[in-house]
$ cat entry26.csv   # CSV, C-alpha atoms
chain,number,residue,atom,x,y,z
O,60,MET,CA,14.3,-5.9,45.4
O,61,SER,CA,15.3,-8.9,43.3
O,62,ALA,CA,18.7,-9.4,41.7
O,63,GLN,CA,19.6,-7.0,38.8
O,64,TYR,CA,21.1,-8.3,35.6
O,65,ASN,CA,23.1,-5.8,33.5
O,66,ALA,CA,23.9,-8.1,30.6
O,67,VAL,CA,23.0,-11.5,29.2
O,68,THR,CA,26.1,-12.9,30.7
O,69,ASN,CA,24.9,-12.1,34.3
O,70,LEU,CA,21.6,-14.1,33.9
O,71,PRO,CA,21.2,-17.2,35.9
O,72,LYS,CA,20.8,-20.3,33.8
O,73,GLN,CA,17.1,-20.8,34.6
O,74,LEU,CA,16.2,-17.4,33.1
O,75,GLN,CA,18.2,-17.7,29.9
O,76,LEU,CA,15.7,-19.8,27.9
O,77,PRO,CA,12.5,-18.1,29.0
O,78,ILE,CA,13.9,-14.7,28.0
O,79,PHE,CA,15.4,-16.0,24.8
O,80,ASP,CA,12.0,-17.6,23.9
O,81,LEU,CA,10.1,-14.4,24.6
O,82,VAL,CA,12.6,-12.0,22.9
O,83,LEU,CA,12.7,-14.1,19.8
O,84,SER,CA,9.0,-14.1,19.5
O,85,ILE,CA,8.9,-10.3,20.0
O,86,ALA,CA,11.6,-9.9,17.4
O,87,ASP,CA,10.0,-12.2,14.8
O,88,THR,CA,6.6,-10.6,15.4
O,89,LYS,CA,8.0,-7.1,15.0
O,90,HIS,CA,10.0,-8.2,11.9
O,91,LEU,CA,6.9,-9.6,10.2
O,92,LEU,CA,4.7,-6.7,11.3
O,93,GLY,CA,7.2,-4.3,9.7
O,94,LEU,CA,7.2,-6.4,6.5
O,95,ARG,CA,3.4,-6.3,6.4
O,96,TYR,CA,3.2,-2.6,7.1
O,97,GLY,CA,5.7,-2.0,4.4
O,98,GLU,CA,3.5,-3.9,1.9
O,99,TRP,CA,0.9,-1.1,2.1
O,100,LEU,CA,2.5,1.8,0.3
O,101,CYS,CA,-0.8,2.0,-1.5
O,102,ALA,CA,-3.0,2.6,1.5
O,103,PRO,CA,-6.5,4.2,1.0
O,104,VAL,CA,-5.0,7.7,1.4
O,105,LEU,CA,-1.5,8.9,0.7
O,106,GLU,CA,-1.1,10.0,4.4
O,107,SER,CA,-1.6,6.4,5.5
O,108,SER,CA,0.9,5.2,3.0
O,109,ILE,CA,3.4,7.5,4.6
O,110,ALA,CA,2.3,6.4,8.1
O,111,ALA,CA,2.6,2.7,7.0
O,112,SER,CA,6.1,3.1,5.8
O,113,ALA,CA,7.1,5.1,9.0
O,114,MET,CA,5.5,2.4,11.2
O,115,ALA,CA,7.3,-0.3,9.1
O,116,GLN,CA,10.6,1.5,9.7
O,117,ASP,CA,9.9,1.6,13.4
O,118,GLU,CA,9.1,-2.1,13.6
O,119,PHE,CA,12.2,-3.1,11.6
O,120,GLY,CA,14.3,-0.9,13.9
O,121,HIS,CA,12.8,-2.5,17.0
O,122,ALA,CA,13.2,-6.0,15.6
O,123,ARG,CA,16.9,-5.3,15.0
O,124,LEU,CA,17.3,-4.3,18.6
O,125,PHE,CA,15.7,-7.5,19.9
O,126,TYR,CA,17.6,-9.7,17.4
O,127,THR,CA,20.8,-8.1,18.6
O,128,LEU,CA,19.9,-9.4,22.1
O,129,ILE,CA,19.2,-12.8,20.6
O,130,ASP,CA,22.8,-12.8,19.2
O,131,GLU,CA,24.1,-12.3,22.7
O,132,PHE,CA,22.2,-15.4,23.9
O,133,VAL,CA,23.6,-17.4,20.9
O,134,LYS,CA,27.1,-16.4,21.9
O,135,LEU,CA,26.3,-17.7,25.4
O,136,GLY,CA,25.5,-21.1,23.8
O,137,LEU,CA,21.8,-21.1,23.1
O,138,PRO,CA,20.9,-22.7,19.8
O,139,LYS,CA,21.0,-20.5,16.7
O,140,ARG,CA,17.8,-21.1,14.9
O,141,ASN,CA,17.7,-22.7,11.5
O,142,GLU,CA,16.4,-20.3,8.8
O,143,VAL,CA,13.3,-22.3,8.0
O,144,PRO,CA,9.7,-21.1,8.2
O,145,ALA,CA,8.8,-23.6,11.0
O,146,GLU,CA,11.4,-21.9,13.3
O,147,TYR,CA,9.7,-18.6,13.2
O,148,ARG,CA,7.8,-17.4,16.2
O,149,ASN,CA,5.8,-14.5,14.9
O,150,ILE,CA,2.1,-14.1,15.8
O,151,GLU,CA,0.3,-16.4,13.4
O,152,VAL,CA,-1.9,-13.7,11.7
O,153,LEU,CA,1.3,-12.3,10.1
O,154,ASP,CA,2.2,-15.5,8.3
O,155,ARG,CA,0.4,-14.3,5.2
O,156,PRO,CA,0.0,-10.9,3.6
O,157,PHE,CA,-3.0,-8.8,4.7
O,158,GLU,CA,-5.9,-9.5,2.3
O,159,GLY,CA,-7.1,-5.9,2.6
O,160,TRP,CA,-6.8,-2.6,4.4
O,161,VAL,CA,-9.2,-3.9,7.1
O,162,ASP,CA,-6.6,-6.6,8.0
O,163,PHE,CA,-3.9,-3.9,8.2
O,164,VAL,CA,-6.1,-1.9,10.6
O,165,ALA,CA,-6.9,-5.0,12.7
O,166,ALA,CA,-3.2,-5.9,13.0
O,167,ASN,CA,-2.4,-2.2,13.8
O,168,ALA,CA,-5.0,-2.1,16.5
O,169,LEU,CA,-4.5,-5.6,18.0
O,170,VAL,CA,-1.0,-6.9,17.2
O,171,ASP,CA,0.8,-3.6,17.7
O,172,ALA,CA,-1.1,-3.1,21.0
O,173,ALA,CA,0.0,-6.5,22.2
O,174,LEU,CA,3.6,-5.8,21.5
O,175,LEU,CA,3.3,-2.5,23.3
O,176,VAL,CA,1.7,-4.1,26.4
O,177,GLN,CA,4.5,-6.7,26.4
O,178,LEU,CA,7.1,-4.0,26.1
O,179,GLU,CA,5.7,-1.9,28.9
O,180,ALA,CA,5.8,-5.0,31.2
O,181,PHE,CA,9.6,-4.6,31.0
O,182,GLY,CA,9.4,-1.0,32.4
O,183,GLN,CA,10.9,-2.1,35.8
O,184,SER,CA,12.7,-5.2,34.6
O,185,SER,CA,15.6,-6.6,36.5
O,186,PHE,CA,17.2,-7.2,33.1
O,187,ALA,CA,18.7,-3.9,32.0
O,188,PRO,CA,19.0,-4.7,28.3
O,189,LEU,CA,15.2,-5.0,28.1
O,190,ARG,CA,14.4,-2.2,30.5
O,191,ARG,CA,16.5,0.3,28.7
O,192,LEU,CA,14.5,-0.2,25.5
O,193,VAL,CA,11.2,0.7,27.0
O,194,PRO,CA,11.2,4.6,27.0
O,195,LYS,CA,12.3,5.1,23.4
O,196,LEU,CA,10.3,2.3,21.8
O,197,SER,CA,7.1,3.0,23.7
O,198,GLN,CA,7.4,6.7,22.7
O,199,GLU,CA,7.8,5.6,19.0
O,200,GLU,CA,4.7,3.5,19.4
O,201,VAL,CA,2.5,6.4,20.4
O,202,PHE,CA,1.5,7.2,16.8
O,203,HIS,CA,1.0,3.6,15.9
O,204,VAL,CA,-1.7,3.5,18.6
O,205,GLN,CA,-3.2,6.8,17.2
O,206,HIS,CA,-3.1,5.5,13.7
O,207,ALA,CA,-4.9,2.3,14.7
O,208,LYS,CA,-7.6,4.1,16.8
O,209,GLY,CA,-8.1,6.7,14.1
O,210,TRP,CA,-8.7,4.0,11.4
O,211,VAL,CA,-10.9,1.8,13.6
O,212,THR,CA,-13.1,4.9,14.3
O,213,GLN,CA,-13.1,6.0,10.7
O,214,LEU,CA,-14.0,2.6,9.2
O,215,ALA,CA,-16.7,2.0,11.8
O,216,GLN,CA,-18.3,5.3,11.0
O,217,ALA,CA,-17.8,5.1,7.2
O,218,ASN,CA,-20.6,2.7,6.4
O,219,GLU,CA,-22.1,-0.6,7.5
O,220,ARG,CA,-20.1,-2.6,5.0
O,221,ALA,CA,-16.8,-1.2,6.1
O,222,LYS,CA,-17.7,-1.7,9.7
O,223,ALA,CA,-18.7,-5.3,9.1
O,224,GLU,CA,-15.5,-6.0,7.2
O,225,LEU,CA,-13.4,-4.5,10.0
O,226,GLU,CA,-15.3,-6.6,12.5
O,227,LYS,CA,-14.5,-9.7,10.6
O,228,ALA,CA,-10.8,-8.8,10.3
O,229,MET,CA,-10.6,-8.1,14.0
O,230,LYS,CA,-12.2,-11.5,14.7
O,231,ARG,CA,-9.7,-13.2,12.5
O,232,THR,CA,-6.8,-11.6,14.4
O,233,TRP,CA,-8.3,-11.8,17.9
O,234,THR,CA,-7.5,-15.3,19.2
O,235,ALA,CA,-3.9,-15.5,18.0
O,236,VAL,CA,-3.1,-12.2,19.7
O,237,LEU,CA,-4.9,-13.1,23.0
O,238,CYS,CA,-3.1,-16.4,23.2
O,239,TRP,CA,0.3,-14.9,22.3
O,240,PHE,CA,0.5,-13.6,25.9
O,241,GLY,CA,0.4,-17.2,27.2
O,242,PRO,CA,-1.9,-19.0,29.6
O,243,GLN,CA,-2.1,-18.2,33.3
O,244,GLU,CA,-0.4,-21.4,34.3
O,245,ASP,CA,2.7,-21.0,32.1
O,246,PRO,CA,6.1,-22.1,33.3
O,247,VAL,CA,7.8,-19.6,30.9
O,248,GLY,CA,5.7,-16.8,32.3
O,249,ARG,CA,6.2,-17.8,35.9
O,250,ALA,CA,10.0,-17.9,35.5
O,251,LEU,CA,9.9,-14.4,33.9
O,252,ILE,CA,7.9,-12.9,36.9
O,253,GLU,CA,10.0,-14.7,39.5
O,254,GLY,CA,13.2,-13.4,38.0
O,255,GLY,CA,11.7,-9.8,37.9
O,256,ILE,CA,12.0,-9.8,34.1
O,257,GLN,CA,8.4,-8.7,33.6
O,258,ASP,CA,5.9,-7.5,36.1
O,259,THR,CA,2.9,-9.8,35.3
O,260,ASP,CA,1.9,-13.1,33.7
O,261,GLY,CA,0.0,-13.9,30.5
O,262,GLU,CA,-3.3,-13.3,32.3
O,263,GLY,CA,-2.2,-9.9,33.5
O,264,LEU,CA,-0.9,-8.9,30.1
O,265,ARG,CA,-4.1,-9.9,28.5
O,266,ALA,CA,-6.0,-7.8,31.0
O,267,ARG,CA,-3.9,-4.7,30.2
O,268,TRP,CA,-4.4,-5.4,26.5
O,269,LEU,CA,-8.1,-5.5,27.0
O,270,GLU,CA,-7.9,-2.2,28.9
O,271,ARG,CA,-6.4,-0.7,25.8
O,272,VAL,CA,-8.5,-2.4,23.1
O,273,GLY,CA,-11.8,-2.5,24.9
O,274,PRO,CA,-12.6,1.3,24.9
O,275,VAL,CA,-11.6,1.6,21.2
O,276,VAL,CA,-13.8,-1.4,20.2
O,277,GLU,CA,-16.7,-0.1,22.3
O,278,ALA,CA,-16.5,3.5,20.9
O,279,ALA,CA,-16.5,2.1,17.4
O,280,GLY,CA,-19.5,-0.1,18.2
O,281,LEU,CA,-17.9,-3.3,17.1
O,282,ASP,CA,-19.3,-6.6,18.2
O,283,MET,CA,-16.4,-8.4,19.7
O,284,PRO,CA,-16.3,-11.1,22.4
O,285,LEU,CA,-15.6,-8.8,25.4
O,286,SER,CA,-17.5,-6.7,27.9
O,287,ASN,CA,-17.0,-4.1,30.5
O,288,ASP,CA,-17.9,-5.2,34.1
O,289,ALA,CA,-20.3,-2.6,35.4
O,290,ILE,CA,-19.1,-3.0,39.0
O,291,THR,CA,-15.3,-3.3,38.7
O,292,GLY,CA,-15.0,-1.4,35.4
O,293,GLN,CA,-12.7,-4.1,34.1
O,294,TRP,CA,-12.8,-5.4,30.6
O,295,ILE,CA,-13.4,-9.2,30.4
O,296,LEU,CA,-13.4,-11.7,27.7
O,297,SER,CA,-16.8,-13.3,27.1
O,298,THR,CA,-15.3,-16.5,25.5
O,299,GLU,CA,-12.9,-18.9,27.1
O,300,LEU,CA,-9.6,-19.3,25.4
O,301,SER,CA,-8.7,-22.8,24.3
O,302,TRP,CA,-5.0,-23.7,24.6
O,303,LYS,CA,-5.1,-27.1,22.9
O,304,GLY,CA,-2.0,-27.3,20.7
O,305,TRP,CA,-0.4,-24.0,21.9
O,306,ASP,CA,3.3,-24.1,22.1
O,307,PRO,CA,4.7,-22.1,25.1
O,308,HIS,CA,8.2,-21.6,23.4
O,309,PHE,CA,6.8,-20.5,20.0
O,310,ARG,CA,3.7,-18.8,21.5
O,311,ARG,CA,1.7,-20.2,18.6
O,312,PHE,CA,-0.6,-23.1,17.7
O,313,SER,CA,0.8,-24.0,14.3
O,314,ARG,CA,4.4,-24.5,13.6
O,315,THR,CA,4.1,-23.7,9.9
O,316,GLY,CA,5.6,-20.2,10.1
O,317,PRO,CA,5.4,-17.6,7.4
O,318,ASP,CA,4.3,-18.7,3.9
O,319,ALA,CA,6.7,-19.4,1.1
O,320,GLU,CA,6.6,-16.0,-0.5
O,321,THR,CA,7.1,-14.2,2.8
O,322,PHE,CA,9.9,-16.5,3.8
O,323,GLU,CA,11.8,-15.7,0.6
O,324,GLN,CA,11.8,-12.1,1.7
O,325,ILE,CA,12.9,-12.9,5.2
O,326,GLU,CA,15.6,-15.1,3.9
O,327,CYS,CA,16.8,-12.3,1.8
O,328,PHE,CA,17.3,-10.2,4.9
O,329,SER,CA,19.3,-12.9,6.7
O,330,LYS,CA,21.5,-13.4,3.6
O,331,HIS,CA,22.3,-9.7,3.8
O,332,ASP,CA,23.3,-10.2,7.4
O,333,TYR,CA,20.1,-8.8,8.7
O,334,PRO,CA,19.8,-8.3,11.6
O,335,VAL,CA,23.1,-6.5,12.2
O,336,GLY,CA,24.9,-8.7,14.7
O,337,THR,CA,28.3,-8.1,16.2
C,55,MET,CA,-11.1,6.6,-0.2
C,56,HIS,CA,-12.2,3.3,-1.7
C,57,LEU,CA,-13.0,0.1,0.2
C,58,GLY,CA,-13.7,-2.8,-2.1
C,59,GLY,CA,-14.9,-0.5,-4.9
C,60,GLU,CA,-17.3,1.3,-2.6
C,61,ARG,CA,-16.8,5.0,-2.0
C,62,VAL,CA,-16.4,5.7,1.7
C,63,LYS,CA,-17.8,9.0,2.8
C,64,GLN,CA,-15.2,11.1,4.5
C,65,HIS,CA,-15.7,14.1,6.7
C,66,GLU,CA,-12.2,15.4,6.6
C,67,ARG,CA,-10.9,18.4,8.5
C,68,VAL,CA,-7.8,20.5,8.4
C,69,PHE,CA,-5.4,20.2,11.4
C,70,GLU,CA,-2.6,22.6,11.9
C,71,VAL,CA,0.7,21.1,13.1
C,72,PHE,CA,3.0,22.7,15.7
C,73,ALA,CA,6.3,21.5,16.9
C,74,ARG,CA,9.5,22.4,18.7
C,75,GLN,CA,13.1,21.0,18.6
C,76,GLN,CA,14.2,22.1,22.0
C,77,ARG,CA,12.2,22.5,25.2
C,78,LYS,CA,13.2,26.2,25.4
C,79,ASP,CA,11.9,26.9,21.9
C,80,PRO,CA,8.4,28.1,21.3
C,81,LEU,CA,6.0,25.8,19.5
C,82,LYS,CA,6.1,26.9,15.9
C,83,HIS,CA,3.7,26.2,13.0
C,84,VAL,CA,5.3,23.6,10.7
C,85,GLY,CA,2.4,22.7,8.4
C,86,SER,CA,-1.0,21.1,8.2
C,87,VAL,CA,-2.6,17.7,7.6
C,88,VAL,CA,-6.1,16.7,6.4
C,89,ALA,CA,-7.7,13.9,8.4
C,90,PRO,CA,-11.1,12.6,9.4
C,91,ASN,CA,-10.3,12.6,13.1
C,92,ALA,CA,-7.8,13.9,15.7
C,93,ASP,CA,-6.0,10.5,16.2
C,94,LEU,CA,-5.3,10.2,12.5
C,95,ALA,CA,-4.3,13.8,12.3
C,96,ALA,CA,-1.7,13.2,15.0
C,97,ALA,CA,-0.5,10.0,13.3
C,98,TYR,CA,-0.2,11.7,9.9
C,99,ALA,CA,1.5,14.7,11.3
C,100,ARG,CA,4.1,12.5,13.1
C,101,SER,CA,4.9,10.5,10.0
C,102,ILE,CA,4.9,13.4,7.5
C,103,TYR,CA,6.7,16.1,9.5
C,104,ASN,CA,9.5,13.9,10.7
C,105,GLU,CA,12.6,15.4,9.1
C,106,GLU,CA,13.5,17.4,12.2
C,107,PRO,CA,14.5,16.0,15.6
C,108,TRP,CA,11.4,17.3,17.4
C,109,VAL,CA,10.9,17.0,21.1
C,110,GLU,CA,7.2,17.9,20.9
C,111,MET,CA,4.6,18.0,18.2
C,112,ARG,CA,0.9,18.9,18.6
C,113,VAL,CA,-2.0,19.2,16.2
C,114,ALA,CA,-5.0,21.4,16.5
C,115,ALA,CA,-8.2,21.4,14.4
C,116,ARG,CA,-8.1,24.6,12.3
C,117,GLU,CA,-11.6,25.6,13.4
C,118,HIS,CA,-10.4,25.5,17.0
C,119,LEU,CA,-8.0,28.3,16.4
C,120,ILE,CA,-9.7,31.5,17.5
C,121,PRO,CA,-9.4,34.4,15.1
C,122,ALA,CA,-7.9,37.4,16.8
C,123,LEU,CA,-7.2,39.3,13.6
C,124,GLU,CA,-8.3,38.2,10.1
C,125,MET,CA,-7.5,40.5,7.2
C,126,LYS,CA,-10.0,40.3,4.4
C,127,GLY,CA,-9.7,41.4,0.8
C,128,ASP,CA,-6.4,41.9,-0.9
C,129,ALA,CA,-4.2,41.9,2.2
C,130,PRO,CA,-0.7,40.3,1.4
$ encode --input "entry26.csv" --output "structure tokens"
Amino acid sequence: MSAQYNAVTNLPKQLQLPIFDLVLSIADTKHLLGLRYGEWLCAPVLESSIAASAMAQDEFGHARLFYTLIDEFVKLGLPKRNEVPAEYRNIEVLDRPFEGWVDFVAANALVDAALLVQLEAFGQSSFAPLRRLVPKLSQEEVFHVQHAKGWVTQLAQANERAKAELEKAMKRTWTAVLCWFGPQEDPVGRALIEGGIQDTDGEGLRARWLERVGPVVEAAGLDMPLSNDAITGQWILSTELSWKGWDPHFRRFSRTGPDAETFEQIECFSKHDYPVGT
Amino acid sequence: MHLGGERVKQHERVFEVFARQQRKDPLKHVGSVVAPNADLAAAYARSIYNEEPWVEMRVAAREHLIPALEMKGDAP
């Protein structure tokens, strides 16, 4: 069994930055996902408006927990980020508001699933502050998964046009999410595994994500670049990912960050001392 | 529901919602939701009936509840 770390202050120096990078990216992604969910209080049906605001509340709550951890790292001497869009590390598809309900469903099905897969990789983490979050947060995520699966199924069965629109939205979201996990040969990922922080690398996380997403995509009959290996039963990508320009610290290709209108709202949170630090 | 101005056909069903606050309590009926499939029924139930600190919540399609007694006419 590898060493156990009960607090940020117990972490060896070489693990501080890799954890900080990952946690800040999770926090920013959850923060922006919450913001996007919250923009849909006029979902196609009232029940989904309620679900959207409940999911937004969950994501904000989770973001706050991860930001609280970031505050601990800042106290330790890691750089406090400047409140400018370029410093944000959220998954790129959340930079702009969703154009339509299909984009909401695509993010619900793909981005939320990616965050859950990443969270579950902390289940046996040597770093207690992350490990402790897993049971409660993953329990809260159960209905996000059901909501996403329910809507993918519903839109795919509704009519050809809805299905085609959903497929396009899923394709717009696809690459940014797959790459968010990081490449196989990633120094940040390697440090996290060697330190027992998470139990697999970017490639392993991607495989777990495909195990979740593949059956939903297949059942809905969506044409996405993945297939199920008849012999091993594993879900595999049918296109190679290109990592040109991918930043391992920001886990994104572009460094533009959220658009101006979005950033104004985020800034408003930080002015009100959001997240709540100590 | 509408998607880009086009009416999307819905095949909605009623799902009954059951929940309990403590493991020792029996599951009790707390309400119902209308949804096109079981996944959305569960998601809707969880977001709508969230005022109480439930430890368990389940939904069942109304047509799956087997009638053992069903009073007809002007029964109260």
$ atom_distance --input "entry26.csv" --atom1 "atom CA of Thr68 of chain O" --atom2 "atom CA of Asp306 of chain O"
26.8 Å
$ residues_around --input "entry26.csv" --residues "segment 119-127 of chain C" --least-positions-apart "3" --cutoff "12 Å" --atoms "all atoms listed in the file" --output "PDB file with C-alpha atoms, in the coordinates of the input"
ATOM      1  CA  VAL C  68      -7.800  20.500   8.400  1.00  0.00           C
ATOM      2  CA  PHE C  69      -5.400  20.200  11.400  1.00  0.00           C
ATOM      3  CA  GLU C  70      -2.600  22.600  11.900  1.00  0.00           C
ATOM      4  CA  VAL C  71       0.700  21.100  13.100  1.00  0.00           C
ATOM      5  CA  VAL C 113      -2.000  19.200  16.200  1.00  0.00           C
ATOM      6  CA  ALA C 114      -5.000  21.400  16.500  1.00  0.00           C
ATOM      7  CA  ALA C 115      -8.200  21.400  14.400  1.00  0.00           C
ATOM      8  CA  ARG C 116      -8.100  24.600  12.300  1.00  0.00           C
ATOM      9  CA  PRO C 130      -0.700  40.300   1.400  1.00  0.00           C
TER      10      PRO C 130
END
$ residues_around --input "entry26.csv" --residues "segment 81-90 of chain C" --least-positions-apart "2" --cutoff "10 Å" --atoms "only C-alpha atoms" --output "ChimeraX atom specification"
/O:104,106,209-210,212-213 /C:64-79,92-99,102-103,110-116
$ closest_residue --input "entry26.csv" --among "O:Ala113, O:Ala187, O:Val272, O:Leu70" --to "Glu200 of chain O" --atoms "only C-alpha atoms"
O:Ala113
$ atom_distance --input "entry26.csv" --atom1 "atom CA of Gly292 of chain O" --atom2 "atom CA of Glu179 of chain O"
21.7 Å
$ closest_atom_pairs --input "entry26.csv" --of "chain O" --to "chain C" --cutoff "12 Å" --atoms "all atoms listed in the file" --output "tab-separated table"
residue	atom	partner	partner_atom	distance
O:Cys101	CA	C:Met55	CA	11.4
O:Ala102	CA	C:Met55	CA	9.2
O:Pro103	CA	C:Met55	CA	5.3
O:Val104	CA	C:Met55	CA	6.4
O:Leu105	CA	C:Tyr98	CA	9.7
O:Glu106	CA	C:Tyr98	CA	5.8
O:Ser107	CA	C:Tyr98	CA	7.0
O:Ser108	CA	C:Tyr98	CA	9.5
O:Ile109	CA	C:Ser101	CA	6.4
O:Ala110	CA	C:Ser101	CA	5.2
O:Ala111	CA	C:Ser101	CA	8.7
O:Ser112	CA	C:Ser101	CA	8.6
O:Ala113	CA	C:Ser101	CA	5.9
O:Met114	CA	C:Ser101	CA	8.2
O:Ala115	CA	C:Ser101	CA	11.1
O:Gln116	CA	C:Ser101	CA	10.7
O:Asp117	CA	C:Ser101	CA	10.8
O:Glu158	CA	C:Gly58	CA	11.2
O:Gly159	CA	C:Gly58	CA	8.7
O:Trp160	CA	C:Leu57	CA	8.0
O:Val161	CA	C:Leu57	CA	8.8
O:Gln198	CA	C:Val109	CA	11.0
O:Glu199	CA	C:Arg100	CA	9.8
O:Glu200	CA	C:Ala97	CA	10.3
O:Val201	CA	C:Ala97	CA	8.5
O:Phe202	CA	C:Ala97	CA	4.9
O:His203	CA	C:Ala97	CA	7.1
O:Val204	CA	C:Ala97	CA	8.5
O:Gln205	CA	C:Asp93	CA	4.7
O:His206	CA	C:Ala97	CA	5.2
O:Ala207	CA	C:Leu94	CA	8.2
O:Lys208	CA	C:Asp93	CA	6.6
O:Gly209	CA	C:Leu94	CA	4.8
O:Trp210	CA	C:Leu94	CA	7.2
O:Val211	CA	C:Leu94	CA	10.2
O:Thr212	CA	C:Asn91	CA	8.3
O:Gln213	CA	C:Pro90	CA	7.0
O:Leu214	CA	C:Val62	CA	8.5
O:Ala215	CA	C:Val62	CA	10.8
O:Gln216	CA	C:Lys63	CA	9.0
O:Ala217	CA	C:Val62	CA	5.7
O:Asn218	CA	C:Val62	CA	7.0
O:Glu219	CA	C:Val62	CA	10.3
O:Arg220	CA	C:Leu57	CA	9.0
O:Ala221	CA	C:Leu57	CA	7.1
O:Lys222	CA	C:Leu57	CA	10.8
O:Ala223	CA	C:Leu57	CA	11.9
O:Glu224	CA	C:Leu57	CA	9.6
O:Leu225	CA	C:Leu57	CA	10.8
O:Val275	CA	C:Asp93	CA	11.6
$ closest_residue --input "entry26.csv" --among "O:Ala319, O:Ala62, O:Leu269, O:Leu135" --to "Val236 of chain O" --atoms "all atoms listed in the file"
O:Leu269
$ residues_around --input "entry26.csv" --residues "Val152 of chain O" --least-positions-apart "2" --cutoff "10 Å" --atoms "only C-alpha atoms" --output "PyMOL selection string"
chain O and resi 88+91-92+149-150+154-157+162+166+170+231-236+317
$ residues_around --input "entry26.csv" --residues "Gly304 of chain O" --least-positions-apart "5" --cutoff "9 Å" --atoms "all atoms listed in the file" --output "ChimeraX atom specification"
/O:311-313
$ decode --input "entry26.csv" --residues "segment 74-85 of chain C" --atoms "N, CA and C atoms" --output "CSV table (one decimal), in the first residue's frame"
chain,number,residue,atom,x,y,z
C,74,ARG,N,-38.7,6.4,1.4
C,74,ARG,CA,-38.7,6.2,2.9
C,74,ARG,C,-37.5,7.1,3.4
C,75,GLN,N,-37.7,7.6,4.7
C,75,GLN,CA,-36.7,8.5,5.3
C,75,GLN,C,-35.7,7.7,6.1
C,76,GLN,N,-36.2,6.6,6.6
C,76,GLN,CA,-35.3,5.7,7.4
C,76,GLN,C,-35.4,4.3,7.0
C,77,ARG,N,-34.3,3.6,7.1
C,77,ARG,CA,-34.3,2.2,6.6
C,77,ARG,C,-35.4,1.4,7.2
C,78,LYS,N,-35.7,1.7,8.5
C,78,LYS,CA,-36.7,0.9,9.2
C,78,LYS,C,-38.2,1.2,8.7
C,79,ASP,N,-38.3,2.3,8.1
C,79,ASP,CA,-39.7,2.7,7.6
C,79,ASP,C,-40.1,1.9,6.4
C,80,PRO,N,-41.4,1.8,6.3
C,80,PRO,CA,-41.8,1.2,5.0
C,80,PRO,C,-41.8,2.2,3.9
C,81,LEU,N,-41.6,1.7,2.6
C,81,LEU,CA,-41.7,2.6,1.5
C,81,LEU,C,-43.1,3.1,1.5
C,82,LYS,N,-43.3,4.4,1.3
C,82,LYS,CA,-44.6,5.0,1.2
C,82,LYS,C,-44.8,5.8,0.0
C,83,HIS,N,-46.1,5.8,-0.5
C,83,HIS,CA,-46.4,6.5,-1.7
C,83,HIS,C,-46.3,8.0,-1.5
C,84,VAL,N,-45.5,8.7,-2.3
C,84,VAL,CA,-45.3,10.2,-2.0
C,84,VAL,C,-45.9,11.0,-3.2
C,85,GLY,N,-46.2,10.4,-4.3
C,85,GLY,CA,-46.7,11.1,-5.4
C,85,GLY,C,-46.5,10.4,-6.7
